[in-house]
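Here's data-v3.txt, which has compact mmCIF, N, CA and C atoms:
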# COMPACT_ATOMS: atom_id res chain seq x y z
N MET K 427 10.76 -8.61 -20.85
CA MET K 427 10.34 -7.32 -20.36
C MET K 427 9.51 -7.52 -19.09
N SER K 428 9.82 -6.77 -18.05
CA SER K 428 9.14 -6.88 -16.77
C SER K 428 7.74 -6.27 -16.86
N PRO K 429 6.76 -6.92 -16.23
CA PRO K 429 5.42 -6.33 -16.20
C PRO K 429 5.34 -5.14 -15.24
N TYR K 430 6.42 -4.87 -14.52
CA TYR K 430 6.42 -3.81 -13.51
C TYR K 430 7.30 -2.64 -13.92
N GLN K 431 7.05 -2.11 -15.08
CA GLN K 431 7.75 -0.91 -15.52
C GLN K 431 6.81 0.26 -15.30
N PHE K 432 6.86 0.80 -14.09
CA PHE K 432 5.92 1.83 -13.69
C PHE K 432 6.17 3.14 -14.43
N THR K 433 5.10 3.69 -14.96
CA THR K 433 5.19 4.96 -15.68
C THR K 433 4.28 6.03 -15.08
N SER K 434 3.30 5.58 -14.29
CA SER K 434 2.31 6.50 -13.75
C SER K 434 1.92 6.06 -12.33
N VAL K 435 2.35 6.83 -11.35
CA VAL K 435 2.16 6.47 -9.95
C VAL K 435 1.12 7.40 -9.32
N LEU K 436 0.22 6.80 -8.55
CA LEU K 436 -0.78 7.55 -7.79
C LEU K 436 -0.45 7.43 -6.32
N VAL K 437 -0.35 8.57 -5.64
CA VAL K 437 -0.14 8.56 -4.19
C VAL K 437 -1.30 9.28 -3.52
N ALA K 438 -1.82 8.67 -2.46
CA ALA K 438 -2.91 9.27 -1.70
C ALA K 438 -2.32 10.13 -0.59
N VAL K 439 -2.77 11.38 -0.49
CA VAL K 439 -2.27 12.29 0.53
C VAL K 439 -3.43 12.87 1.33
N ASP K 440 -3.21 12.98 2.65
CA ASP K 440 -4.27 13.54 3.49
C ASP K 440 -3.72 14.38 4.64
N GLY K 441 -2.43 14.70 4.59
CA GLY K 441 -1.83 15.52 5.63
C GLY K 441 -1.33 14.74 6.83
N SER K 442 -1.52 13.43 6.83
CA SER K 442 -1.08 12.60 7.96
C SER K 442 0.38 12.21 7.82
N GLU K 443 0.95 11.70 8.90
CA GLU K 443 2.34 11.22 8.87
C GLU K 443 2.48 10.06 7.89
N GLY K 444 1.49 9.17 7.88
CA GLY K 444 1.53 8.04 6.94
C GLY K 444 1.52 8.49 5.49
N ALA K 445 0.73 9.50 5.20
CA ALA K 445 0.68 10.02 3.83
C ALA K 445 1.98 10.71 3.45
N ALA K 446 2.62 11.37 4.40
CA ALA K 446 3.91 12.01 4.13
C ALA K 446 4.96 10.96 3.77
N LYS K 447 4.93 9.84 4.48
CA LYS K 447 5.87 8.74 4.17
C LYS K 447 5.55 8.13 2.81
N ALA K 448 4.25 8.00 2.51
CA ALA K 448 3.85 7.46 1.20
C ALA K 448 4.31 8.38 0.07
N LEU K 449 4.17 9.69 0.28
CA LEU K 449 4.62 10.65 -0.73
C LEU K 449 6.12 10.54 -0.95
N ASP K 450 6.88 10.44 0.12
CA ASP K 450 8.34 10.31 0.00
C ASP K 450 8.70 9.04 -0.78
N CYS K 451 8.03 7.94 -0.47
CA CYS K 451 8.27 6.68 -1.18
C CYS K 451 7.92 6.83 -2.66
N ALA K 452 6.76 7.40 -2.94
CA ALA K 452 6.32 7.58 -4.33
C ALA K 452 7.30 8.46 -5.11
N LEU K 453 7.77 9.52 -4.47
CA LEU K 453 8.74 10.40 -5.13
C LEU K 453 10.04 9.65 -5.43
N SER K 454 10.48 8.81 -4.51
CA SER K 454 11.70 8.02 -4.73
C SER K 454 11.52 7.07 -5.91
N ILE K 455 10.37 6.43 -5.99
CA ILE K 455 10.10 5.52 -7.11
C ILE K 455 10.09 6.31 -8.41
N CYS K 456 9.40 7.43 -8.43
CA CYS K 456 9.31 8.24 -9.65
C CYS K 456 10.68 8.76 -10.08
N GLU K 457 11.51 9.13 -9.13
CA GLU K 457 12.87 9.56 -9.46
C GLU K 457 13.64 8.42 -10.12
N ALA K 458 13.52 7.23 -9.55
CA ALA K 458 14.31 6.09 -10.02
C ALA K 458 13.89 5.61 -11.40
N VAL K 459 12.59 5.62 -11.68
CA VAL K 459 12.11 5.06 -12.94
C VAL K 459 11.57 6.11 -13.90
N HIS K 460 11.70 7.39 -13.52
CA HIS K 460 11.25 8.51 -14.36
C HIS K 460 9.76 8.42 -14.67
N ALA K 461 8.97 8.08 -13.66
CA ALA K 461 7.51 7.99 -13.81
C ALA K 461 6.88 9.33 -13.46
N ARG K 462 5.67 9.54 -13.95
CA ARG K 462 4.92 10.73 -13.55
C ARG K 462 4.14 10.39 -12.30
N LEU K 463 3.82 11.40 -11.52
CA LEU K 463 3.16 11.21 -10.23
C LEU K 463 1.88 12.03 -10.17
N THR K 464 0.85 11.43 -9.60
CA THR K 464 -0.36 12.16 -9.27
C THR K 464 -0.57 12.04 -7.77
N ALA K 465 -0.74 13.19 -7.10
CA ALA K 465 -1.08 13.21 -5.68
C ALA K 465 -2.59 13.45 -5.59
N LEU K 466 -3.28 12.51 -4.96
CA LEU K 466 -4.73 12.58 -4.85
C LEU K 466 -5.14 12.75 -3.39
N ALA K 467 -5.92 13.77 -3.13
CA ALA K 467 -6.51 13.97 -1.81
C ALA K 467 -8.00 13.65 -1.92
N VAL K 468 -8.51 12.93 -0.93
CA VAL K 468 -9.92 12.56 -0.92
C VAL K 468 -10.59 13.25 0.26
N GLU K 469 -11.55 14.09 -0.08
CA GLU K 469 -12.27 14.84 0.94
C GLU K 469 -13.48 14.03 1.38
N GLY K 470 -13.52 13.71 2.67
CA GLY K 470 -14.62 12.92 3.21
C GLY K 470 -15.92 13.69 3.25
N LYS K 471 -16.95 13.02 3.73
CA LYS K 471 -18.28 13.62 3.81
C LYS K 471 -18.29 14.80 4.77
N LEU K 472 -19.15 15.73 4.49
CA LEU K 472 -19.37 16.85 5.40
C LEU K 472 -20.22 16.38 6.57
N PRO K 473 -20.10 17.04 7.72
CA PRO K 473 -20.86 16.59 8.88
C PRO K 473 -22.36 16.71 8.68
N ALA K 474 -23.06 15.70 9.16
CA ALA K 474 -24.52 15.70 9.04
C ALA K 474 -25.18 16.40 10.21
N TYR K 475 -24.40 16.78 11.20
CA TYR K 475 -24.95 17.35 12.43
C TYR K 475 -24.92 18.88 12.45
N ALA K 476 -24.51 19.50 11.39
CA ALA K 476 -24.41 20.96 11.36
C ALA K 476 -25.79 21.59 11.58
N ALA K 477 -25.81 22.69 12.29
CA ALA K 477 -27.07 23.35 12.63
C ALA K 477 -27.59 24.23 11.49
N SER K 478 -26.70 24.66 10.61
CA SER K 478 -27.14 25.55 9.55
C SER K 478 -26.34 25.33 8.28
N VAL K 479 -26.86 25.85 7.19
CA VAL K 479 -26.14 25.78 5.92
C VAL K 479 -24.82 26.52 6.04
N GLY K 480 -24.81 27.62 6.79
CA GLY K 480 -23.59 28.40 6.99
C GLY K 480 -22.49 27.57 7.63
N GLU K 481 -22.87 26.72 8.59
CA GLU K 481 -21.87 25.85 9.23
C GLU K 481 -21.31 24.84 8.24
N VAL K 482 -22.16 24.29 7.42
CA VAL K 482 -21.71 23.33 6.41
C VAL K 482 -20.76 24.03 5.44
N ASP K 483 -21.11 25.23 5.00
CA ASP K 483 -20.24 25.99 4.10
C ASP K 483 -18.89 26.28 4.74
N GLU K 484 -18.91 26.61 6.04
CA GLU K 484 -17.67 26.90 6.75
C GLU K 484 -16.77 25.66 6.83
N VAL K 485 -17.35 24.51 7.15
CA VAL K 485 -16.58 23.27 7.22
C VAL K 485 -16.03 22.92 5.84
N LYS K 486 -16.84 23.07 4.81
CA LYS K 486 -16.39 22.79 3.44
C LYS K 486 -15.22 23.69 3.07
N HIS K 487 -15.31 24.96 3.40
CA HIS K 487 -14.23 25.91 3.11
C HIS K 487 -12.95 25.51 3.86
N GLU K 488 -13.08 25.15 5.13
CA GLU K 488 -11.91 24.74 5.92
C GLU K 488 -11.26 23.48 5.34
N LYS K 489 -12.08 22.51 4.94
CA LYS K 489 -11.55 21.29 4.34
C LYS K 489 -10.85 21.61 3.01
N ASP K 490 -11.48 22.43 2.19
CA ASP K 490 -10.88 22.81 0.91
C ASP K 490 -9.52 23.47 1.12
N GLN K 491 -9.44 24.39 2.08
CA GLN K 491 -8.18 25.08 2.36
C GLN K 491 -7.12 24.11 2.88
N PHE K 492 -7.52 23.19 3.75
CA PHE K 492 -6.59 22.20 4.29
C PHE K 492 -6.01 21.35 3.16
N PHE K 493 -6.87 20.79 2.32
CA PHE K 493 -6.39 19.93 1.25
C PHE K 493 -5.62 20.70 0.19
N LYS K 494 -5.96 21.96 -0.02
CA LYS K 494 -5.18 22.79 -0.94
C LYS K 494 -3.74 22.91 -0.45
N ARG K 495 -3.57 23.13 0.87
CA ARG K 495 -2.22 23.20 1.44
C ARG K 495 -1.48 21.86 1.31
N VAL K 496 -2.18 20.76 1.58
CA VAL K 496 -1.57 19.43 1.47
C VAL K 496 -1.07 19.20 0.05
N LEU K 497 -1.90 19.53 -0.94
CA LEU K 497 -1.51 19.31 -2.33
C LEU K 497 -0.41 20.27 -2.77
N GLU K 498 -0.43 21.50 -2.29
CA GLU K 498 0.65 22.45 -2.61
C GLU K 498 1.98 21.96 -2.03
N GLN K 499 1.95 21.39 -0.84
CA GLN K 499 3.18 20.84 -0.24
C GLN K 499 3.70 19.68 -1.08
N ALA K 500 2.80 18.82 -1.54
CA ALA K 500 3.21 17.70 -2.40
C ALA K 500 3.85 18.21 -3.69
N GLU K 501 3.24 19.24 -4.29
CA GLU K 501 3.80 19.83 -5.51
C GLU K 501 5.20 20.37 -5.25
N GLY K 502 5.37 21.06 -4.14
CA GLY K 502 6.68 21.63 -3.81
C GLY K 502 7.74 20.56 -3.62
N GLN K 503 7.39 19.48 -2.95
CA GLN K 503 8.36 18.40 -2.75
C GLN K 503 8.72 17.74 -4.07
N ALA K 504 7.73 17.55 -4.93
CA ALA K 504 8.00 16.94 -6.23
C ALA K 504 8.89 17.84 -7.08
N ARG K 505 8.58 19.13 -7.12
CA ARG K 505 9.42 20.06 -7.90
C ARG K 505 10.85 20.05 -7.40
N ALA K 506 11.02 20.03 -6.08
CA ALA K 506 12.37 20.04 -5.50
C ALA K 506 13.16 18.79 -5.89
N ARG K 507 12.45 17.72 -6.18
CA ARG K 507 13.12 16.47 -6.54
C ARG K 507 13.08 16.19 -8.03
N GLY K 508 12.56 17.13 -8.81
CA GLY K 508 12.55 16.99 -10.26
C GLY K 508 11.54 15.98 -10.79
N VAL K 509 10.45 15.77 -10.04
CA VAL K 509 9.43 14.81 -10.45
C VAL K 509 8.22 15.56 -11.00
N GLN K 510 7.74 15.12 -12.16
CA GLN K 510 6.54 15.70 -12.76
C GLN K 510 5.34 15.27 -11.94
N ILE K 511 4.51 16.22 -11.51
CA ILE K 511 3.37 15.90 -10.65
C ILE K 511 2.12 16.62 -11.09
N GLU K 512 1.00 15.93 -10.91
CA GLU K 512 -0.33 16.51 -11.04
C GLU K 512 -1.01 16.29 -9.70
N THR K 513 -1.98 17.13 -9.37
CA THR K 513 -2.72 16.95 -8.13
C THR K 513 -4.20 16.98 -8.41
N ASP K 514 -4.95 16.34 -7.52
CA ASP K 514 -6.40 16.34 -7.67
C ASP K 514 -7.04 16.18 -6.29
N LEU K 515 -8.19 16.77 -6.13
CA LEU K 515 -8.99 16.67 -4.91
C LEU K 515 -10.38 16.21 -5.30
N ILE K 516 -10.81 15.10 -4.71
CA ILE K 516 -12.11 14.53 -5.03
C ILE K 516 -12.83 14.18 -3.73
N ALA K 517 -14.11 14.44 -3.69
CA ALA K 517 -14.92 14.09 -2.53
C ALA K 517 -15.40 12.65 -2.66
N GLY K 518 -15.48 11.97 -1.53
CA GLY K 518 -16.02 10.61 -1.54
C GLY K 518 -15.40 9.73 -0.49
N HIS K 519 -15.63 8.44 -0.63
CA HIS K 519 -15.07 7.43 0.26
C HIS K 519 -13.65 7.14 -0.21
N ALA K 520 -12.67 7.26 0.67
CA ALA K 520 -11.26 7.23 0.28
C ALA K 520 -10.87 6.01 -0.55
N ALA K 521 -11.11 4.82 -0.05
CA ALA K 521 -10.66 3.63 -0.77
C ALA K 521 -11.32 3.51 -2.14
N GLU K 522 -12.60 3.79 -2.19
CA GLU K 522 -13.33 3.71 -3.45
C GLU K 522 -12.81 4.74 -4.45
N VAL K 523 -12.62 5.97 -4.00
CA VAL K 523 -12.13 7.02 -4.89
C VAL K 523 -10.73 6.68 -5.39
N ILE K 524 -9.85 6.24 -4.51
CA ILE K 524 -8.46 5.93 -4.89
C ILE K 524 -8.42 4.83 -5.95
N THR K 525 -9.13 3.74 -5.72
CA THR K 525 -9.07 2.62 -6.67
C THR K 525 -9.72 2.97 -8.01
N HIS K 526 -10.85 3.65 -7.98
CA HIS K 526 -11.49 4.04 -9.24
C HIS K 526 -10.66 5.07 -10.01
N TYR K 527 -10.10 6.02 -9.29
CA TYR K 527 -9.28 7.06 -9.92
C TYR K 527 -8.06 6.43 -10.60
N ALA K 528 -7.40 5.52 -9.89
CA ALA K 528 -6.20 4.88 -10.45
C ALA K 528 -6.52 4.16 -11.76
N LYS K 529 -7.61 3.43 -11.76
CA LYS K 529 -7.98 2.69 -12.97
C LYS K 529 -8.40 3.64 -14.09
N ALA K 530 -9.23 4.62 -13.77
CA ALA K 530 -9.74 5.54 -14.79
C ALA K 530 -8.64 6.38 -15.43
N HIS K 531 -7.57 6.67 -14.69
CA HIS K 531 -6.50 7.52 -15.20
C HIS K 531 -5.25 6.74 -15.61
N GLY K 532 -5.34 5.43 -15.65
CA GLY K 532 -4.25 4.60 -16.17
C GLY K 532 -3.02 4.52 -15.29
N HIS K 533 -3.19 4.68 -14.00
CA HIS K 533 -2.03 4.54 -13.10
C HIS K 533 -1.66 3.07 -12.98
N ASP K 534 -0.35 2.78 -12.95
CA ASP K 534 0.09 1.40 -12.85
C ASP K 534 0.71 1.06 -11.49
N LEU K 535 0.64 2.00 -10.55
CA LEU K 535 1.08 1.76 -9.18
C LEU K 535 0.36 2.74 -8.27
N ILE K 536 -0.10 2.24 -7.11
CA ILE K 536 -0.72 3.08 -6.08
C ILE K 536 0.16 3.00 -4.85
N VAL K 537 0.43 4.15 -4.23
CA VAL K 537 1.19 4.20 -2.99
C VAL K 537 0.32 4.88 -1.93
N VAL K 538 0.13 4.20 -0.80
CA VAL K 538 -0.69 4.73 0.29
C VAL K 538 0.05 4.56 1.61
N GLY K 539 -0.30 5.42 2.56
CA GLY K 539 0.24 5.27 3.90
C GLY K 539 -0.52 4.20 4.66
N HIS K 540 0.14 3.63 5.65
CA HIS K 540 -0.47 2.57 6.47
C HIS K 540 -1.68 3.09 7.23
N ARG K 541 -1.57 4.30 7.75
CA ARG K 541 -2.69 4.91 8.48
C ARG K 541 -2.80 6.36 8.06
N GLY K 542 -4.03 6.81 7.94
CA GLY K 542 -4.28 8.20 7.59
C GLY K 542 -5.09 8.88 8.66
N HIS K 543 -5.83 9.90 8.25
CA HIS K 543 -6.64 10.69 9.17
C HIS K 543 -8.06 10.16 9.34
N PHE K 544 -8.42 9.13 8.61
CA PHE K 544 -9.81 8.69 8.62
C PHE K 544 -10.12 7.85 9.85
N LEU K 545 -11.14 8.25 10.62
CA LEU K 545 -11.55 7.52 11.81
C LEU K 545 -11.89 6.08 11.45
N GLY K 546 -12.45 5.87 10.30
CA GLY K 546 -12.80 4.53 9.85
C GLY K 546 -11.59 3.61 9.76
N ASP K 547 -10.39 4.17 9.58
CA ASP K 547 -9.19 3.34 9.54
C ASP K 547 -9.01 2.59 10.86
N TYR K 548 -9.46 3.19 11.94
CA TYR K 548 -9.30 2.58 13.25
C TYR K 548 -10.49 1.70 13.62
N LEU K 549 -11.65 2.01 13.12
CA LEU K 549 -12.86 1.31 13.53
C LEU K 549 -13.28 0.20 12.58
N LEU K 550 -13.14 0.40 11.29
CA LEU K 550 -13.71 -0.51 10.31
C LEU K 550 -12.68 -1.25 9.47
N GLY K 551 -11.41 -1.03 9.69
CA GLY K 551 -10.40 -1.57 8.81
C GLY K 551 -9.86 -0.45 7.96
N SER K 552 -8.62 -0.52 7.62
CA SER K 552 -7.97 0.64 7.03
C SER K 552 -8.30 0.86 5.55
N THR K 553 -8.17 2.11 5.18
CA THR K 553 -8.29 2.48 3.77
C THR K 553 -7.25 1.71 2.96
N ALA K 554 -6.03 1.63 3.48
CA ALA K 554 -4.96 0.91 2.78
C ALA K 554 -5.36 -0.54 2.51
N ASP K 555 -5.96 -1.18 3.49
CA ASP K 555 -6.38 -2.57 3.33
C ASP K 555 -7.43 -2.69 2.22
N ARG K 556 -8.39 -1.79 2.21
CA ARG K 556 -9.42 -1.84 1.17
C ARG K 556 -8.84 -1.53 -0.21
N VAL K 557 -7.89 -0.61 -0.28
CA VAL K 557 -7.26 -0.30 -1.57
C VAL K 557 -6.53 -1.53 -2.10
N THR K 558 -5.78 -2.22 -1.24
CA THR K 558 -5.04 -3.40 -1.70
C THR K 558 -5.97 -4.49 -2.22
N HIS K 559 -7.15 -4.59 -1.64
CA HIS K 559 -8.09 -5.62 -2.07
C HIS K 559 -8.83 -5.28 -3.36
N HIS K 560 -8.97 -4.01 -3.68
CA HIS K 560 -9.80 -3.63 -4.82
C HIS K 560 -9.05 -2.98 -5.98
N ALA K 561 -7.77 -2.73 -5.83
CA ALA K 561 -7.01 -2.07 -6.89
C ALA K 561 -6.76 -2.99 -8.08
N HIS K 562 -6.68 -2.38 -9.24
CA HIS K 562 -6.41 -3.13 -10.48
C HIS K 562 -4.91 -3.30 -10.72
N CYS K 563 -4.09 -2.64 -9.90
CA CYS K 563 -2.65 -2.61 -10.11
C CYS K 563 -1.94 -2.85 -8.78
N PRO K 564 -0.60 -2.98 -8.80
CA PRO K 564 0.12 -3.16 -7.54
C PRO K 564 -0.08 -1.96 -6.61
N VAL K 565 -0.04 -2.25 -5.31
CA VAL K 565 -0.20 -1.23 -4.27
C VAL K 565 0.96 -1.38 -3.29
N ILE K 566 1.59 -0.27 -2.98
CA ILE K 566 2.61 -0.26 -1.92
C ILE K 566 2.01 0.44 -0.72
N VAL K 567 2.04 -0.22 0.42
CA VAL K 567 1.57 0.36 1.68
C VAL K 567 2.80 0.70 2.49
N VAL K 568 2.95 1.98 2.79
CA VAL K 568 4.16 2.48 3.47
C VAL K 568 3.88 2.64 4.95
N ARG K 569 4.78 2.10 5.78
CA ARG K 569 4.69 2.24 7.24
C ARG K 569 5.57 3.36 7.70

Spell out the structure here as C-alpha cells.
Amino acid sequence: MSPYQFTSVLVAVDGSEGAAKALDCALSICEAVHARLTALAVEGKLPAYAASVGEVDEVKHEKDQFFKRVLEQAEGQARARGVQIETDLIAGHAAEVITHYAKAHGHDLIVVGHRGHFLGDYLLGSTADRVTHHAHCPVIVVR
C-alpha cells in the first residue's frame, strides 16, 4: 500500500495567478483520487498606519469581501468539476497558518502557488518555501 493515498487536500488561495494554478492542480488531484478539498485563504495583518479606527474597519471590510469572492470562486470551480470542497478564512502569517491548519485538520497534501500576493514573498523568501520546510505532509508547489 502506498503511503501517498491522498484523501484530504489543502490548497492555499489568495486571488493571485499562482493560487489559481494551485487550485487547478489541487482540483485535478482531487478528481483523480476522489479526495476532499479545503481552500484556505489567509488574511494578513491590518495596516498599522491607519489614522482612525474607521480606516481600519474599512480595510478589514475590503479584505473580507475580497477573500469572500476568492473563496466563492474556488467553490464554484470545485462544484463544476464535481469535487467536494470546504473553505476557510483565517487571519495570520500565511506559512504558519497553512502548515498548522493542515496538521490540525488532518490534511495529507498541501498545494500552494509558487508566488502569491504577499510582499514578503519577494523580500524575505516565499510563503511556499516556508510551507515546504515546516509542513507535516507532502507539499506541491505549482508554477

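Distance annotation: of K:Glu469, K:His562, K:Ser454, K:Gly539, the residue with the minimal separation from K:Ala517 is K:Glu469; atom set is only N, CA and C atoms.
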
Distance query stretch 520-526 of chain K at most 8 Å, all atoms listed in the file, self and fewer than 2 positions along chain excluded, as a PyMOL selection string: chain K and resi 438+466-471+516-518+528-532+536+552-558+560-563

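For the residues K:Val567, K:Val435, K:Cys451, K:Leu515, ranking by smallest atom-to-atom distance to K:His540 using only C-alpha atoms places K:Val567 first.
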
Atom C of K:Glu481 to atom N of K:Gly444, straight-line distance in Å: 27.7 Å

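Those residues of stretch 472-514 of chain K that DSSP, working from the backbone, places in strand (DSSP E or B) are Ile511, Glu512, Thr513 and Asp514 of chain K.
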
Would you write out those residues with N, CA and C atoms, as an mmCIF file, in the coordinates of the input?
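Saved as part22.cif:
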data_model
loop_
_atom_site.group_PDB
_atom_site.id
_atom_site.type_symbol
_atom_site.label_atom_id
_atom_site.label_comp_id
_atom_site.auth_asym_id
_atom_site.auth_seq_id
_atom_site.Cartn_x
_atom_site.Cartn_y
_atom_site.Cartn_z
ATOM 1 N N ILE K 511 4.510 16.220 -11.510
ATOM 2 C CA ILE K 511 3.370 15.900 -10.650
ATOM 3 C C ILE K 511 2.120 16.620 -11.090
ATOM 4 N N GLU K 512 1.000 15.930 -10.910
ATOM 5 C CA GLU K 512 -0.330 16.510 -11.040
ATOM 6 C C GLU K 512 -1.010 16.290 -9.700
ATOM 7 N N THR K 513 -1.980 17.130 -9.370
ATOM 8 C CA THR K 513 -2.720 16.950 -8.130
ATOM 9 C C THR K 513 -4.200 16.980 -8.410
ATOM 10 N N ASP K 514 -4.950 16.340 -7.520
ATOM 11 C CA ASP K 514 -6.400 16.340 -7.670
ATOM 12 C C ASP K 514 -7.040 16.180 -6.290
#

Alpha helix (DSSP H) call set, DSSP backbone run, stretch 445-510 of chain K, as an MDAnalysis selection string: chainID K and resid 445:459 479:506

Distance query stretch 457-460 of chain K at most 6.5 Å, all atoms listed in the file, self and fewer than 5 positions along chain excluded, as number ranges by chain: K: 432-433, 452, 509

Neighbours of point (-0.3, 15.4, -9.8) within 7 Å, using all atoms listed in the file, written as an MDAnalysis selection string: chainID K and resid 463:466 510:514

For atom CA of K:Tyr430 and atom CA of K:Asp534, the interatomic separation in Å (one decimal):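 Computing it gives 8.2 Å between the two atoms.
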
Point-to-point distance in Å for atom C of K:Leu453 and atom C of K:Ala506: 9.7 Å

Residue nearest K:Gly508 among K:Ala445, K:Leu436, K:Ala461, K:Val565 (counting only C-alpha atoms): K:Ala461

Expected answer as an NGL selection string: all residues with atoms within 12 Å of (-2.5, 15.6, 4.4), only C-alpha atoms: :K and (437-449 or 465-469 or 489-500 or 515 or 538-539 or 541-544)

Among listed residues K:His519, K:Cys456, K:Arg569, K:Asp450, nearest K:Leu535 (using only C-alpha atoms):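 For K:Leu535, the nearest of the given residues is K:Cys456.
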